[in-house]
Amino acid sequence: MIVRNRPWLHCLALSAALLAAGCARKHGPAKDLGADIDEVAATLIEQPLLHSTSIGVVYRGKQFIRHRGDMETGKPGPPTDATLYEIGSLSKTLAGTLMANAVLEHRVGLDDDVRMYLHGDYPNLQYKGDPIRVRHLLSHTSGLPNMLPDRANTVLADFTDQRTPGELNAIYAGYGKADFFRDLHAVEIGQAPGKDYAYSSTGTELVAHILETVYKSDYESLLRGFFHDSAAMPGLRIRLDDAEAARLAVGYHSDNPVPTTPMPQLPWGASGNVKATVPEMMKYLEFQLAGGPVATESHRPLVEFDPEFGIGYFWNIVSGDRLKGVYYAHHGGVPRSQCYIYIMPKYDLGIFVITNQSGDQTARAMEAAIDTLVERIAAREDAEGPGGSR
């Protein structure tokens with residue numbers, strides 16, 4: 001739900017370089033990556049308002065998971081491997097992976113007019129004869145609004161306002177697929193699709209509809225079935241039963257000291273409603289790093305905005321970073337959780353970081369934590385070769 005834009009990528013590159021220079025002088029390569037992750041996690045939760053964090057790392061085939069802090073203020077109890085987290089817009093990369101599979105199976109074409117998969121007439125989903133195509137949905141270049149209904153965009157513009165979670169709950173109470181299509185009819189496309197970046201959860205929800213149409217199955221079943229079979233991830237969920245809901249991480253919005261409610265259910269949930277444990281996300285890191293045909297297709301640039309930044313199947317693709325090499329990343333945020341995922345083939349490295357607090361400084365704190373981990377690994381490889389001493 002949090003929009004991560006182009007300036008963020010410039011800041012990431014700069015902060016990575018600065019941290020690399022500073023940390024290399026102070027620390028040098030550590031003897032144990034697990035100890036490094038412990039230290040980074042401890043430092044992360046020292047930041048104002050952050051209660052707890054979970055960090056998962058896959059490095060050259062080895063897994064590391066660390067949980068630190070207490071989920072609730074005044075109640076001792078860290079997150080565990082069984083904790084279900086809301087991964088927010090990281091959900092989009094899962095939808096992108098499913099669409100990459102559909103493209104490889106020739107069920108969907110990247111240049112298909114999206115109206116091929118819609119019932120009824122949508123003359124509005126084009127600009128001067130240029131239609132919105134599937135590739136435009138996947139690369140955030142469709143011109144569709146971030147959210148439907150439009151009122152949600154107004155609320156999200158002041159994300160840290162303490163009223164935001166409640167207002168989102170009210171907007172999406174009973175808001176289903178029929179409501180989405182009604183509002184989609186009213187959308188106006190102001191320029192030719194494929195030209196400019198405009199982050200769109202609406203586009204991701206439409207991707208889920210297209211997948212349901214071609215596979216003749218509901219999106220959550222498609223999601224769970226594909227990742228169960230392809231990545232050994234049986235535990236992904238969009239909707240939770242009562243037992244699963246009891247394992248959902250408690251979370252805090254902005255500077256509100258009272259825990260807030262989960263992200264409301266969206267019509268399909270593909271853009272921000274997936275829940276997963278950290279061990280499940282480790283399997284996802286491994287799947288992305290393995291280089292199979294579906295993951296490789298999902299990493300393929302569909303649009304390149306400049307030599308350093310492009311987008312694949314919802315993945316941000318960053319080039320030209322001296323420390324990280326070419327990498328694939330995404331941020332996720334809901335009113336009570338924020339997270340990042342990074343895939344860095346240069347080091348055969350995947351990192352997943354999540355907190356149970358969502359505020360305007362949360363992403364920056366997680367970025368610094370990730371940069372520190374990457375610097376430690378880079379220093380280890382410089383000193384000891386790939387893999388280092390673990």
# chains A, B, ... in the order shown; residues from 1 in each chain; ligands from 1
>>> closest_atom_pairs(of="range 269-292 of chain A", to="range 41-65 of chain A", cutoff="12 Å", atoms="only C-alpha atoms", output="tab-separated table")
residue	atom	partner	partner_atom	distance
A:Thr277	CA	A:Ser54	CA	9.8
A:Val278	CA	A:Gly56	CA	6.5
A:Pro279	CA	A:Gly56	CA	7.8
A:Glu280	CA	A:Gly56	CA	10.0
A:Met281	CA	A:Gly56	CA	7.7
A:Met282	CA	A:Gly56	CA	6.4
A:Lys283	CA	A:Val58	CA	9.0
A:Tyr284	CA	A:Val58	CA	9.9
A:Leu285	CA	A:Val58	CA	6.7
A:Glu286	CA	A:Val58	CA	6.9
A:Phe287	CA	A:Val58	CA	10.6
A:Gln288	CA	A:Val58	CA	10.6
A:Leu289	CA	A:Val58	CA	8.9
A:Ala290	CA	A:Gly61	CA	9.5
>>> residues_around(residues="range 162-168 of chain A", least_positions_apart="6", cutoff="10 Å", atoms="only C-alpha atoms", output="NGL selection string")
:A and (151-153 or 155-156 or 253-256 or 260-265 or 334-336)
>>> residues_around(residues="Asp38 in chain A", least_positions_apart="6", cutoff="9 Å", atoms="only C-alpha atoms", output="list of chain:residue names")
A:Ile55, A:Arg66, A:His67, A:Arg68
>>> write_last_selection(atoms="all heavy atoms", output="PDB file, in the first residue's frame")
ATOM      1  N   ILE A  55      13.801 -11.163  10.566  1.00  0.00           N
ATOM      2  CA  ILE A  55      14.687 -11.072   9.413  1.00  0.00           C
ATOM      3  C   ILE A  55      14.987 -12.478   8.922  1.00  0.00           C
ATOM      4  O   ILE A  55      15.378 -13.344   9.702  1.00  0.00           O
ATOM      5  CB  ILE A  55      15.998 -10.344   9.764  1.00  0.00           C
ATOM      6  CG1 ILE A  55      15.707  -8.907  10.235  1.00  0.00           C
ATOM      7  CG2 ILE A  55      16.941 -10.327   8.561  1.00  0.00           C
ATOM      8  CD1 ILE A  55      16.949  -8.136  10.646  1.00  0.00           C
ATOM      9  N   ARG A  66      15.947 -14.733  12.193  1.00  0.00           N
ATOM     10  CA  ARG A  66      16.069 -14.128  13.509  1.00  0.00           C
ATOM     11  C   ARG A  66      14.804 -13.341  13.821  1.00  0.00           C
ATOM     12  O   ARG A  66      14.268 -12.625  12.973  1.00  0.00           O
ATOM     13  CB  ARG A  66      17.277 -13.185  13.574  1.00  0.00           C
ATOM     14  CG  ARG A  66      18.622 -13.866  13.388  1.00  0.00           C
ATOM     15  CD  ARG A  66      18.927 -14.809  14.556  1.00  0.00           C
ATOM     16  NE  ARG A  66      20.271 -15.359  14.478  1.00  0.00           N
ATOM     17  CZ  ARG A  66      20.604 -16.480  13.829  1.00  0.00           C
ATOM     18  NH1 ARG A  66      19.653 -17.155  13.161  1.00  0.00           N
ATOM     19  NH2 ARG A  66      21.837 -16.916  13.829  1.00  0.00           N
ATOM     20  N   HIS A  67      14.305 -13.485  15.055  1.00  0.00           N
ATOM     21  CA  HIS A  67      13.163 -12.725  15.558  1.00  0.00           C
ATOM     22  C   HIS A  67      13.631 -11.949  16.785  1.00  0.00           C
ATOM     23  O   HIS A  67      14.252 -12.529  17.688  1.00  0.00           O
ATOM     24  CB  HIS A  67      12.011 -13.647  15.962  1.00  0.00           C
ATOM     25  CG  HIS A  67      11.576 -14.608  14.895  1.00  0.00           C
ATOM     26  ND1 HIS A  67      10.877 -14.219  13.774  1.00  0.00           N
ATOM     27  CD2 HIS A  67      11.737 -15.960  14.787  1.00  0.00           C
ATOM     28  CE1 HIS A  67      10.620 -15.287  13.025  1.00  0.00           C
ATOM     29  NE2 HIS A  67      11.126 -16.350  13.615  1.00  0.00           N
ATOM     30  N   ARG A  68      13.318 -10.664  16.835  1.00  0.00           N
ATOM     31  CA  ARG A  68      13.728  -9.854  17.979  1.00  0.00           C
ATOM     32  C   ARG A  68      12.604  -8.930  18.407  1.00  0.00           C
ATOM     33  O   ARG A  68      11.758  -8.525  17.610  1.00  0.00           O
ATOM     34  CB  ARG A  68      14.961  -9.012  17.621  1.00  0.00           C
ATOM     35  CG  ARG A  68      16.218  -9.806  17.339  1.00  0.00           C
ATOM     36  CD  ARG A  68      16.702 -10.568  18.568  1.00  0.00           C
ATOM     37  NE  ARG A  68      17.177  -9.689  19.626  1.00  0.00           N
ATOM     38  CZ  ARG A  68      18.453  -9.372  19.827  1.00  0.00           C
ATOM     39  NH1 ARG A  68      19.385  -9.848  19.014  1.00  0.00           N
ATOM     40  NH2 ARG A  68      18.799  -8.593  20.832  1.00  0.00           N
TER      41      ARG A  68
END
>>> select_by_dssp(residues="range 115-165 of chain A", states="alpha helix (DSSP H)", output="PDB file with N, CA, C and O atoms, in the first residue's frame")
ATOM      1  N   VAL A 134      -1.619  -6.014 -20.948  1.00  0.00           N
ATOM      2  CA  VAL A 134      -1.223  -6.758 -19.746  1.00  0.00           C
ATOM      3  C   VAL A 134       0.131  -6.266 -19.241  1.00  0.00           C
ATOM      4  O   VAL A 134       0.328  -6.092 -18.034  1.00  0.00           O
ATOM      5  N   ARG A 135       1.089  -6.013 -20.133  1.00  0.00           N
ATOM      6  CA  ARG A 135       2.408  -5.561 -19.695  1.00  0.00           C
ATOM      7  C   ARG A 135       2.323  -4.232 -18.938  1.00  0.00           C
ATOM      8  O   ARG A 135       3.141  -3.961 -18.065  1.00  0.00           O
ATOM      9  N   HIS A 136       1.342  -3.399 -19.268  1.00  0.00           N
ATOM     10  CA  HIS A 136       1.194  -2.125 -18.583  1.00  0.00           C
ATOM     11  C   HIS A 136       0.725  -2.314 -17.142  1.00  0.00           C
ATOM     12  O   HIS A 136       1.138  -1.562 -16.246  1.00  0.00           O
ATOM     13  N   LEU A 137      -0.120  -3.307 -16.918  1.00  0.00           N
ATOM     14  CA  LEU A 137      -0.535  -3.614 -15.543  1.00  0.00           C
ATOM     15  C   LEU A 137       0.664  -4.044 -14.707  1.00  0.00           C
ATOM     16  O   LEU A 137       0.840  -3.608 -13.571  1.00  0.00           O
ATOM     17  N   LEU A 138       1.494  -4.906 -15.275  1.00  0.00           N
ATOM     18  CA  LEU A 138       2.616  -5.493 -14.542  1.00  0.00           C
ATOM     19  C   LEU A 138       3.727  -4.490 -14.266  1.00  0.00           C
ATOM     20  O   LEU A 138       4.492  -4.652 -13.302  1.00  0.00           O
ATOM     21  N   ARG A 151     -11.865   7.143  -3.333  1.00  0.00           N
ATOM     22  CA  ARG A 151     -11.813   7.699  -1.978  1.00  0.00           C
ATOM     23  C   ARG A 151     -10.621   7.130  -1.197  1.00  0.00           C
ATOM     24  O   ARG A 151     -10.009   7.819  -0.377  1.00  0.00           O
ATOM     25  N   ALA A 152     -10.242   5.898  -1.468  1.00  0.00           N
ATOM     26  CA  ALA A 152      -9.115   5.284  -0.763  1.00  0.00           C
ATOM     27  C   ALA A 152      -7.815   6.028  -1.038  1.00  0.00           C
ATOM     28  O   ALA A 152      -6.941   6.127  -0.152  1.00  0.00           O
ATOM     29  N   ASN A 153      -7.656   6.577  -2.232  1.00  0.00           N
ATOM     30  CA  ASN A 153      -6.442   7.321  -2.552  1.00  0.00           C
ATOM     31  C   ASN A 153      -6.331   8.592  -1.725  1.00  0.00           C
ATOM     32  O   ASN A 153      -5.244   8.985  -1.305  1.00  0.00           O
ATOM     33  N   THR A 154      -7.463   9.237  -1.477  1.00  0.00           N
ATOM     34  CA  THR A 154      -7.473  10.437  -0.642  1.00  0.00           C
ATOM     35  C   THR A 154      -7.059  10.096   0.787  1.00  0.00           C
ATOM     36  O   THR A 154      -6.265  10.803   1.406  1.00  0.00           O
ATOM     37  N   VAL A 155      -7.575   8.992   1.293  1.00  0.00           N
ATOM     38  CA  VAL A 155      -7.225   8.567   2.655  1.00  0.00           C
ATOM     39  C   VAL A 155      -5.744   8.217   2.753  1.00  0.00           C
ATOM     40  O   VAL A 155      -5.047   8.614   3.689  1.00  0.00           O
ATOM     41  N   LEU A 156      -5.232   7.480   1.774  1.00  0.00           N
ATOM     42  CA  LEU A 156      -3.841   7.041   1.807  1.00  0.00           C
ATOM     43  C   LEU A 156      -2.849   8.176   1.602  1.00  0.00           C
ATOM     44  O   LEU A 156      -1.668   8.045   1.936  1.00  0.00           O
ATOM     45  N   THR A 164      -6.497   6.770   9.592  1.00  0.00           N
ATOM     46  CA  THR A 164      -6.409   6.060   8.310  1.00  0.00           C
ATOM     47  C   THR A 164      -6.882   4.611   8.368  1.00  0.00           C
ATOM     48  O   THR A 164      -7.680   4.186   7.517  1.00  0.00           O
ATOM     49  N   PRO A 165      -6.422   3.786   9.327  1.00  0.00           N
ATOM     50  CA  PRO A 165      -6.896   2.388   9.329  1.00  0.00           C
ATOM     51  C   PRO A 165      -8.410   2.264   9.411  1.00  0.00           C
ATOM     52  O   PRO A 165      -9.016   1.468   8.673  1.00  0.00           O
TER      53      PRO A 165
END
>>> residues_around(residues="Pro386 in chain A", least_positions_apart="6", cutoff="10 Å", atoms="only C-alpha atoms", output="PyMOL selection string")
chain A and resi 59-60+346-348+377-378+380
>>> write_last_selection(atoms="C-alpha atoms", output="short mmCIF file (atom, residue, chain, number, x, y, z; two decimals), in the first residue's frame")
data_model
loop_
_atom_site.label_atom_id
_atom_site.label_comp_id
_atom_site.auth_asym_id
_atom_site.auth_seq_id
_atom_site.Cartn_x
_atom_site.Cartn_y
_atom_site.Cartn_z
CA TYR A 59 22.83 -16.80 1.45
CA ARG A 60 24.46 -19.26 -0.93
CA LYS A 346 25.57 -11.21 -7.27
CA TYR A 347 25.85 -12.85 -3.84
CA ASP A 348 23.25 -15.61 -4.30
CA ILE A 377 28.43 -10.02 3.26
CA ALA A 378 30.36 -8.09 0.61
CA ARG A 380 33.23 -11.24 3.93
#
>>> closest_residue(among="A:Met366, A:Val207, A:Ala186, A:Val326", to="Leu349 in chain A", atoms="only C-alpha atoms")
A:Val326
>>> closest_residue(among="A:Val187, A:Thr372, A:Pro79, A:Gly120", to="Glu39 in chain A", atoms="only C-alpha atoms")
A:Thr372
>>> residues_around(residues="Ser271 in chain A", least_positions_apart="5", cutoff="9 Å", atoms="only C-alpha atoms", output="list in words")
Met1, Gly88, Ser89, Leu90, Ser91, Lys92, Thr93, Ala95, Ser200, Ser201, Thr202, Gly203, Thr204, Glu205, Ala208 and Leu266 of chain A
>>> select_by_dssp(residues="range 79-299 of chain A", states="strand (DSSP E or B)", output="ChimeraX atom specification")
/A:84-86,113,126-127,130-131,133,237,248,252-253,275-276
>>> residues_around(residues="Trp315 in chain A", least_positions_apart="5", cutoff="8 Å", atoms="only C-alpha atoms", output="count of residues only")
7
>>> residues_around(residues="Phe227 in chain A", least_positions_apart="2", cutoff="12 Å", atoms="only C-alpha atoms", output="PDB file with C-alpha atoms, in the first residue's frame")
ATOM      1  CA  LEU A  94       3.489 -13.230  -6.109  1.00  0.00           C
ATOM      2  CA  ALA A  95       0.830 -12.112  -8.590  1.00  0.00           C
ATOM      3  CA  THR A  97       5.074 -14.692 -10.661  1.00  0.00           C
ATOM      4  CA  LEU A  98       1.707 -16.282 -11.408  1.00  0.00           C
ATOM      5  CA  ASN A 101       3.812 -18.656 -15.468  1.00  0.00           C
ATOM      6  CA  GLU A 220      -6.378 -17.645  -3.769  1.00  0.00           C
ATOM      7  CA  SER A 221      -6.580 -21.254  -4.971  1.00  0.00           C
ATOM      8  CA  LEU A 222      -4.285 -20.405  -7.896  1.00  0.00           C
ATOM      9  CA  LEU A 223      -1.837 -18.697  -5.548  1.00  0.00           C
ATOM     10  CA  ARG A 224      -1.730 -21.506  -3.031  1.00  0.00           C
ATOM     11  CA  GLY A 225      -1.638 -24.254  -5.632  1.00  0.00           C
ATOM     12  CA  ASP A 229       3.834 -27.190  -6.058  1.00  0.00           C
ATOM     13  CA  SER A 230       6.629 -24.949  -7.345  1.00  0.00           C
ATOM     14  CA  ALA A 231       8.197 -23.550  -4.186  1.00  0.00           C
ATOM     15  CA  ALA A 232       7.122 -25.866  -1.333  1.00  0.00           C
ATOM     16  CA  MET A 233       5.064 -23.036   0.188  1.00  0.00           C
ATOM     17  CA  PRO A 234       1.813 -24.584   1.437  1.00  0.00           C
ATOM     18  CA  GLY A 235       1.038 -21.930   4.036  1.00  0.00           C
ATOM     19  CA  LEU A 236       0.292 -18.805   1.970  1.00  0.00           C
ATOM     20  CA  ARG A 237      -3.089 -17.282   2.769  1.00  0.00           C
ATOM     21  CA  ALA A 276       2.860 -15.677   5.287  1.00  0.00           C
ATOM     22  CA  GLU A 280       7.384 -19.443   3.995  1.00  0.00           C
ATOM     23  CA  MET A 281       9.139 -16.293   2.818  1.00  0.00           C
ATOM     24  CA  LYS A 283      11.076 -20.628   0.530  1.00  0.00           C
ATOM     25  CA  TYR A 284      10.056 -17.703  -1.658  1.00  0.00           C
ATOM     26  CA  GLU A 286      14.959 -19.700  -2.525  1.00  0.00           C
ATOM     27  CA  PHE A 287      12.476 -19.931  -5.409  1.00  0.00           C
ATOM     28  CA  GLN A 288      13.491 -16.502  -6.688  1.00  0.00           C
ATOM     29  CA  VAL A 294       9.132 -18.780 -14.125  1.00  0.00           C
ATOM     30  CA  ALA A 295      11.299 -16.761 -11.744  1.00  0.00           C
TER      31      ALA A 295
END
>>> atom_distance(atom1="CA of Ile171 in chain A", atom2="CA of Ala270 in chain A")
17.7 Å
>>> closest_residue(among="A:Gly291, A:Ala178, A:Pro193, A:Ala157", to="Arg133 in chain A", atoms="only C-alpha atoms")
A:Pro193
>>> closest_atom_pairs(of="range 262-375 of chain A", to="range 210-218 of chain A", cutoff="12 Å", atoms="only C-alpha atoms", output="CSV")
residue,atom,partner,partner_atom,distance
A:Pro267,CA,A:Asp218,CA,11.4
A:Trp268,CA,A:Asp218,CA,8.7
A:Gly269,CA,A:Asp218,CA,11.1
A:Ala270,CA,A:Leu211,CA,10.7
>>> write_last_selection(atoms="N, CA and C atoms", output="PDB file, in the first residue's frame")
ATOM      1  N   PRO A 267     -10.901  -6.772  -3.151  1.00  0.00           N
ATOM      2  CA  PRO A 267     -11.734  -7.723  -3.909  1.00  0.00           C
ATOM      3  C   PRO A 267     -11.055  -9.052  -4.220  1.00  0.00           C
ATOM      4  N   TRP A 268      -9.815  -9.027  -4.685  1.00  0.00           N
ATOM      5  CA  TRP A 268      -9.071 -10.264  -4.934  1.00  0.00           C
ATOM      6  C   TRP A 268      -7.977 -10.478  -3.889  1.00  0.00           C
ATOM      7  N   GLY A 269      -7.420  -9.418  -3.378  1.00  0.00           N
ATOM      8  CA  GLY A 269      -6.352  -9.519  -2.388  1.00  0.00           C
ATOM      9  C   GLY A 269      -4.970  -9.636  -2.978  1.00  0.00           C
ATOM     10  N   ALA A 270      -4.858  -9.638  -4.307  1.00  0.00           N
ATOM     11  CA  ALA A 270      -3.561  -9.840  -4.951  1.00  0.00           C
ATOM     12  C   ALA A 270      -2.602  -8.684  -4.730  1.00  0.00           C
TER      13      ALA A 270
END
